[in-house]
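What's in data.csv: CSV, C-alpha atoms and all ligand atoms
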chain,number,residue,atom,x,y,z
A,1,MET,CA,-77.0,1.9,-234.6
A,2,THR,CA,-73.7,2.6,-232.9
A,3,SER,CA,-72.3,6.0,-232.0
A,4,THR,CA,-69.3,5.6,-234.3
A,5,CYS,CA,-70.7,3.7,-237.3
A,6,PRO,CA,-74.2,4.9,-238.0
A,7,PHE,CA,-75.8,2.3,-240.1
A,8,LEU,CA,-79.4,1.2,-240.1
A,9,TYR,CA,-81.0,-2.0,-241.3
A,10,VAL,CA,-84.0,-1.0,-243.4
A,11,ASN,CA,-86.2,-2.2,-246.2
A,12,LEU,CA,-86.5,0.1,-249.2
A,13,HIS,CA,-90.1,-0.5,-250.1
A,14,PHE,CA,-90.2,2.8,-252.0
A,15,ILE,CA,-88.4,1.0,-254.7
A,16,THR,CA,-90.5,-2.2,-254.0
A,17,VAL,CA,-87.4,-4.2,-253.0
A,18,PHE,CA,-87.1,-5.7,-249.6
A,19,PHE,CA,-83.6,-6.4,-248.3
A,20,PHE,CA,-81.3,-5.5,-245.5
A,21,LEU,CA,-79.5,-2.2,-246.2
A,22,ILE,CA,-76.5,-0.4,-244.6
A,23,VAL,CA,-77.1,3.3,-244.8
A,24,ASN,CA,-73.8,5.3,-244.6
A,25,THR,CA,-73.8,9.0,-243.6
A,26,HIS,CA,-70.6,9.7,-245.5
A,27,CYS,CA,-67.4,8.2,-247.0
A,28,HIS,CA,-64.8,8.3,-244.3
A,29,ALA,CA,-62.9,5.2,-243.2
A,30,ASP,CA,-64.3,5.1,-239.7
A,31,HIS,CA,-67.9,4.9,-241.1
A,32,ILE,CA,-67.9,2.8,-244.2
A,33,THR,CA,-65.5,0.1,-243.0
A,34,SER,CA,-68.1,-2.0,-241.5
A,35,SER,CA,-70.2,-2.1,-244.7
A,36,GLY,CA,-67.6,-4.1,-246.6
A,37,LEU,CA,-67.1,-6.5,-243.7
A,38,MET,CA,-70.8,-7.0,-243.2
A,39,LYS,CA,-71.5,-7.5,-246.9
A,40,LYS,CA,-69.2,-10.4,-246.8
A,41,ARG,CA,-71.1,-12.0,-244.0
A,42,VAL,CA,-74.7,-11.3,-244.7
A,43,ALA,CA,-76.2,-12.6,-247.9
A,44,GLY,CA,-78.1,-10.0,-249.9
A,45,LEU,CA,-77.0,-7.1,-247.7
A,46,LYS,CA,-76.9,-3.9,-249.7
A,47,SER,CA,-75.1,-0.6,-249.1
A,48,ALA,CA,-76.2,3.0,-249.6
A,49,ILE,CA,-74.4,6.3,-249.5
A,50,SER,CA,-74.7,9.8,-251.1
A,51,LYS,CA,-74.4,10.1,-254.8
A,52,PHE,CA,-71.9,12.9,-254.1
A,53,SER,CA,-69.7,10.8,-251.9
A,54,GLY,CA,-67.5,9.5,-254.7
A,55,ALA,CA,-68.1,6.0,-253.4
A,56,SER,CA,-69.4,3.0,-255.1
A,57,ALA,CA,-72.4,1.4,-253.4
A,58,ASP,CA,-75.6,-0.6,-254.3
A,59,ILE,CA,-77.8,2.5,-253.8
A,60,LEU,CA,-76.8,6.1,-254.3
A,61,LEU,CA,-78.9,8.5,-252.2
A,62,SER,CA,-80.0,12.1,-253.0
A,63,GLU,CA,-81.9,14.9,-251.2
A,64,GLY,CA,-85.5,13.9,-250.4
A,65,ASP,CA,-85.1,10.1,-250.9
A,66,LYS,CA,-87.1,8.1,-248.4
A,67,ILE,CA,-85.8,5.0,-246.8
A,68,ALA,CA,-88.7,3.0,-245.5
A,69,PHE,CA,-88.7,0.3,-242.8
A,70,GLY,CA,-91.8,-1.2,-241.3
A,71,LYS,CA,-94.2,1.7,-240.6
A,72,HIS,CA,-91.4,4.2,-240.6
A,73,TYR,CA,-89.2,6.0,-243.0
A,74,LEU,CA,-86.2,8.3,-242.9
A,75,THR,CA,-85.9,11.3,-245.3
A,76,VAL,CA,-82.4,12.0,-246.7
A,77,ARG,CA,-81.1,15.6,-246.4
A,78,GLU,CA,-77.8,16.5,-248.1
A,79,THR,CA,-75.6,18.2,-245.5
A,80,PRO,CA,-72.2,18.7,-247.1
A,81,GLY,CA,-69.3,20.4,-245.3
A,82,HIS,CA,-67.5,17.7,-243.4
A,83,THR,CA,-67.3,15.9,-246.8
A,84,ASP,CA,-69.1,16.6,-250.1
A,85,GLY,CA,-71.4,13.6,-249.6
A,86,CYS,CA,-72.5,14.0,-246.0
A,87,LEU,CA,-76.1,13.1,-245.4
A,88,THR,CA,-78.4,13.6,-242.4
A,89,PHE,CA,-81.4,11.2,-242.0
A,90,VAL,CA,-84.6,12.7,-240.6
A,91,SER,CA,-87.5,10.6,-239.1
A,92,ALA,CA,-90.9,11.0,-240.8
A,93,ASP,CA,-92.3,12.9,-237.8
A,94,GLU,CA,-89.2,15.0,-237.5
A,95,SER,CA,-88.7,13.8,-233.9
A,96,MET,CA,-85.2,12.6,-234.5
A,97,ILE,CA,-82.3,13.0,-236.8
A,98,PHE,CA,-79.0,11.1,-237.5
A,99,THR,CA,-76.4,13.7,-238.3
A,100,GLY,CA,-73.3,11.6,-238.9
A,101,ASP,CA,-70.3,14.0,-238.6
A,102,CYS,CA,-72.1,17.1,-239.8
A,103,LEU,CA,-73.5,18.3,-236.4
A,104,LEU,CA,-72.0,17.0,-233.2
A,105,ILE,CA,-73.2,17.8,-229.7
A,106,ARG,CA,-71.8,21.3,-229.0
A,107,GLY,CA,-69.5,20.8,-231.9
A,108,CYS,CA,-69.4,19.8,-235.6
A,109,GLY,CA,-67.4,17.8,-238.0
A,110,ARG,CA,-64.0,19.1,-238.9
A,111,THR,CA,-63.6,20.6,-242.4
A,112,ASP,CA,-59.9,20.5,-243.0
A,113,PHE,CA,-59.5,17.5,-245.3
A,114,GLN,CA,-61.3,15.3,-247.9
A,115,GLN,CA,-63.6,17.9,-249.4
A,116,GLY,CA,-64.1,19.7,-246.1
A,117,CYS,CA,-65.8,23.1,-246.6
A,118,PRO,CA,-66.6,25.3,-243.5
A,119,LYS,CA,-69.0,27.6,-245.4
A,120,CYS,CA,-70.9,24.5,-246.7
A,121,LEU,CA,-71.1,23.0,-243.3
A,122,TYR,CA,-72.4,26.2,-241.8
A,123,ASP,CA,-75.1,26.4,-244.4
A,124,SER,CA,-76.0,22.8,-244.1
A,125,VAL,CA,-76.6,23.1,-240.4
A,126,HIS,CA,-78.5,26.3,-240.6
A,127,ASP,CA,-80.6,25.4,-243.6
A,128,LYS,CA,-81.2,21.7,-243.1
A,129,ILE,CA,-80.9,21.0,-239.4
A,130,PHE,CA,-81.7,24.2,-237.4
A,131,THR,CA,-85.0,24.5,-239.4
A,132,LEU,CA,-86.3,21.4,-237.7
A,133,PRO,CA,-88.4,21.6,-234.5
A,134,ASP,CA,-86.7,22.5,-231.2
A,135,ASN,CA,-87.5,19.2,-229.6
A,136,CYS,CA,-86.1,17.1,-232.5
A,137,LEU,CA,-83.5,14.7,-231.0
A,138,ILE,CA,-80.0,14.7,-232.5
A,139,TYR,CA,-78.0,11.5,-232.7
A,140,PRO,CA,-74.5,12.3,-234.0
A,141,ALA,CA,-71.9,9.8,-235.1
A,142,HIS,CA,-69.2,10.8,-232.6
A,143,ASP,CA,-69.0,12.3,-229.2
A,144,TYR,CA,-65.7,12.6,-227.4
A,145,LEU,CA,-67.2,13.3,-224.0
A,146,GLY,CA,-69.6,10.4,-223.7
A,147,GLN,CA,-72.8,12.4,-224.6
A,148,THR,CA,-75.2,10.5,-226.9
A,149,VAL,CA,-78.1,12.8,-227.7
A,150,SER,CA,-79.0,16.5,-227.9
A,151,THR,CA,-81.9,18.5,-229.5
A,152,VAL,CA,-82.1,21.0,-232.3
A,153,GLY,CA,-83.3,23.6,-229.8
A,154,GLU,CA,-80.2,23.1,-227.5
A,155,GLU,CA,-77.7,23.1,-230.4
A,156,ARG,CA,-79.3,26.2,-232.0
A,157,LYS,CA,-78.8,28.0,-228.6
A,158,PHE,CA,-75.7,26.5,-227.1
A,159,ASN,CA,-73.5,25.0,-229.9
A,160,PRO,CA,-70.3,27.2,-229.5
A,161,ARG,CA,-69.4,26.9,-233.2
A,162,LEU,CA,-72.8,27.1,-235.0
A,163,THR,CA,-73.9,30.1,-232.9
A,164,MET,CA,-71.1,32.1,-234.5
A,165,SER,CA,-71.5,34.3,-237.6
A,166,LYS,CA,-70.5,32.5,-240.8
A,167,ASP,CA,-67.3,34.5,-241.0
A,168,GLU,CA,-66.3,33.7,-237.5
A,169,PHE,CA,-67.2,30.0,-238.0
A,170,VAL,CA,-65.0,29.8,-241.1
A,171,GLU,CA,-62.1,31.4,-239.3
A,172,THR,CA,-62.5,29.0,-236.4
A,173,MET,CA,-62.7,25.9,-238.5
A,174,ASN,CA,-59.7,26.9,-240.6
A,175,ASN,CA,-57.7,27.2,-237.4
A,176,LEU,CA,-58.6,24.1,-235.4
A,177,ASN,CA,-55.2,22.6,-236.0
A,178,LEU,CA,-56.5,19.1,-235.0
A,179,PRO,CA,-54.1,16.1,-235.7
A,180,LYS,CA,-55.3,14.1,-238.7
A,181,PRO,CA,-57.1,10.9,-237.6
A,182,PHE,CA,-55.1,7.7,-237.9
A,183,LYS,CA,-56.0,5.7,-241.1
A,184,ILE,CA,-58.5,8.2,-242.4
A,185,ASP,CA,-57.2,8.0,-246.0
A,186,VAL,CA,-59.4,5.2,-247.3
A,187,SER,CA,-59.3,4.8,-251.1
A,188,VAL,CA,-62.6,5.6,-252.7
A,189,SER,CA,-62.2,2.8,-255.2
A,190,ALA,CA,-61.8,0.3,-252.3
A,191,ASN,CA,-64.5,1.6,-250.1
A,192,LEU,CA,-67.6,-0.4,-249.1
A,193,VAL,CA,-65.8,-3.5,-250.2
A,194,CYS,CA,-62.6,-3.6,-248.1
A,195,GLY,CA,-62.2,-3.6,-244.4
A,196,LEU,CA,-59.9,-1.0,-242.9
A,197,HIS,CA,-59.7,-0.4,-239.2
A,198,GLY,CA,-61.8,2.5,-238.1
A,199,LEU,CA,-60.9,5.3,-235.7
B,201,LIG,N1,-58.2,13.1,-232.5
B,201,LIG,C1,-59.4,13.6,-231.9
B,201,LIG,C2,-60.3,14.1,-233.0
B,201,LIG,C3,-60.8,13.1,-234.0
B,201,LIG,C4,-61.4,13.8,-235.2
B,201,LIG,O1,-60.8,14.4,-235.9
B,201,LIG,N2,-62.8,13.6,-235.3
B,201,LIG,C5,-63.4,14.1,-236.5
B,201,LIG,C6,-64.5,13.1,-236.9
B,201,LIG,S1,-63.7,11.6,-237.5
B,201,LIG,S2,-63.0,12.3,-239.2
B,201,LIG,C7,-64.1,15.4,-236.3
B,201,LIG,O2,-64.7,15.9,-237.2
B,201,LIG,N3,-63.8,16.0,-235.1
B,201,LIG,C8,-64.4,17.3,-234.9
B,201,LIG,C9,-63.7,18.0,-233.7
B,201,LIG,O3,-63.9,19.1,-233.5
B,201,LIG,O4,-62.9,17.2,-233.0
B,201,LIG,C10,-60.0,12.5,-231.0
B,201,LIG,O5,-59.9,11.3,-231.4
B,201,LIG,O6,-60.4,12.9,-230.0
Please re-express this file's structure in structure tokens.
Amino acid sequence: MTSTCPFLYVNLHFITVFFFLIVNTHCHADHITSSGLMKKRVAGLKSAISKFSGASADILLSEGDKIAFGKHYLTVRETPGHTDGCLTFVSADESMIFTGDCLLIRGCGRTDFQQGCPKCLYDSVHDKIFTLPDNCLIYPAHDYLGQTVSTVGEERKFNPRLTMSKDEFVETMNNLNLPKPFKIDVSVSANLVCGLHGL
């Protein structure tokens, strides 16, 4: 897994098929781009993404799905807000999670374009992530300060955005005024097949 393109190579034995799989946290250009490129290079490689992403992929994931690999599996949690189809992947023993762009270290994904919804993101984090054990490790998809890992306990206590009330959070997110990322407008019909440059 890389910090900017969170994909995992797993076998889906819950559906009794064994193949390499790219699991996408959400449908943004900087995440899905590598799927299309890798599918061209690796025979039999399959892609997976949320059924709410609007994307086409070999497997459409939903809340509670289990992605098994070896003795391990990841459970899918739907964590919309940054996009409609954002997913967080939780290890079987709840010792680690892969949050994509939903929860970042001391931050969170922006909610100002492509189905962004600050209220949804706030609920996703509080209901689906902050309910995990304090020592659960958080691996986000981006960090702009070089940090690679946090914990649920730390973010519940110290995340400057997610410790706000929901109203304050919505106000803050609606006024971030961040510049739009370069080349973020990937076409949904082209996704997972084409290769755009990421962020
Ligand atoms: N231009 C900045 C910020 C890049 C950015 O917008 N990152 C997204 C994730 S990729 S869509 C985001 O959600 N950022 C959250 C935030 O609070 O910045 C840069 O490259 O540094």
Between A:Asp58, A:Glu154, A:Asp143, A:Asp30, which one has atoms that come closest to Leu104 of chain A, using only C-alpha atoms?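 When distances to Leu104 of chain A are compared using only C-alpha atoms, the smallest one comes from A:Asp143.
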Please write out the residues within 10 Å of ligand LIG 201 (chain B) as a PyMOL selection string, counting only C-alpha atoms and all ligand atoms. chain A and resi 4+27-31+82-83+100-104+106-114+116+141-145+161+173+176-185+198-199
Separation of atom CA of Leu121 of chain A from atom CA of Ile32 of chain A in Å: 20.5 Å
Ranking A:Pro160, A:Ala92, A:Ile49, A:Val125 by minimum distance to Thr172 of chain A and counting all atoms listed in the file, which one comes first? A:Pro160
Which residues are close to Lys46 of chain A, i.e. within 10 Å by all atoms listed in the file, leaving aside same-chain residues fewer than 4 positions away? Reply as a count of residues only. 16
In Å, how far is it from atom CA of Cys136 of chain A to atom CA of Glu94 of chain A?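 Distance between the two atoms: 6.2 Å.
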Closest pair table for segment 117-158 of chain A residues within 12 Å of segment 72-78 of chain A, only C-alpha atoms, as JSON lines:
{"residue": "A:Cys120", "atom": "CA", "partner": "A:Glu78", "partner_atom": "CA", "distance": 10.7}
{"residue": "A:Leu121", "atom": "CA", "partner": "A:Glu78", "partner_atom": "CA", "distance": 10.5}
{"residue": "A:Asp123", "atom": "CA", "partner": "A:Glu78", "partner_atom": "CA", "distance": 10.9}
{"residue": "A:Ser124", "atom": "CA", "partner": "A:Glu78", "partner_atom": "CA", "distance": 7.7}
{"residue": "A:Val125", "atom": "CA", "partner": "A:Glu78", "partner_atom": "CA", "distance": 10.2}
{"residue": "A:Asp127", "atom": "CA", "partner": "A:Arg77", "partner_atom": "CA", "distance": 10.2}
{"residue": "A:Lys128", "atom": "CA", "partner": "A:Arg77", "partner_atom": "CA", "distance": 6.9}
{"residue": "A:Ile129", "atom": "CA", "partner": "A:Arg77", "partner_atom": "CA", "distance": 8.8}
{"residue": "A:Thr131", "atom": "CA", "partner": "A:Arg77", "partner_atom": "CA", "distance": 12.0}
{"residue": "A:Leu132", "atom": "CA", "partner": "A:Arg77", "partner_atom": "CA", "distance": 11.7}
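Separating atom CA of Gln115 of chain A from atom CA of Cys86 of chain A is a distance of 10.3 Å.
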Under the rule that all atoms listed in the file are counted, which of A:Tyr122, A:Phe130, A:Tyr139, A:Phe52 is the nearest residue to Ser91 of chain A? A:Tyr139
Using all atoms listed in the file, collect all residues at a distance of at most 6 Å from (-68.2, 6.8, -252.7) as written in the file, then present them as a list in words. Cys27, Ser53, Gly54, Ala55, Ser56 and Val188 of chain A
From A:Val152, A:Val90, A:Met164, A:Cys117, residue lying nearest Ala68 of chain A [all atoms listed in the file]: A:Val90
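Among the candidate residues A:Gly85, A:Val149, A:Pro140, A:Lys119, the one lying nearest to Phe169 of chain A is A:Lys119, with distances computed using only C-alpha atoms.
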Here is a test: counting only C-alpha atoms, which residue of A:Gly44, A:Gly70, A:Pro118, A:Gly64 is nearest to Glu171 of chain A?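 Closest residue, counting only C-alpha atoms: A:Pro118.
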Give me the residues near Asp134 of chain A as a list of chain:residue names, where near means some atom within 10 Å (using only C-alpha atoms) and where sequence neighbours in that chain fewer than 5 positions away do not count. A:Ser95, A:Thr151, A:Val152, A:Gly153, A:Glu154, A:Glu155, A:Arg156, A:Lys157
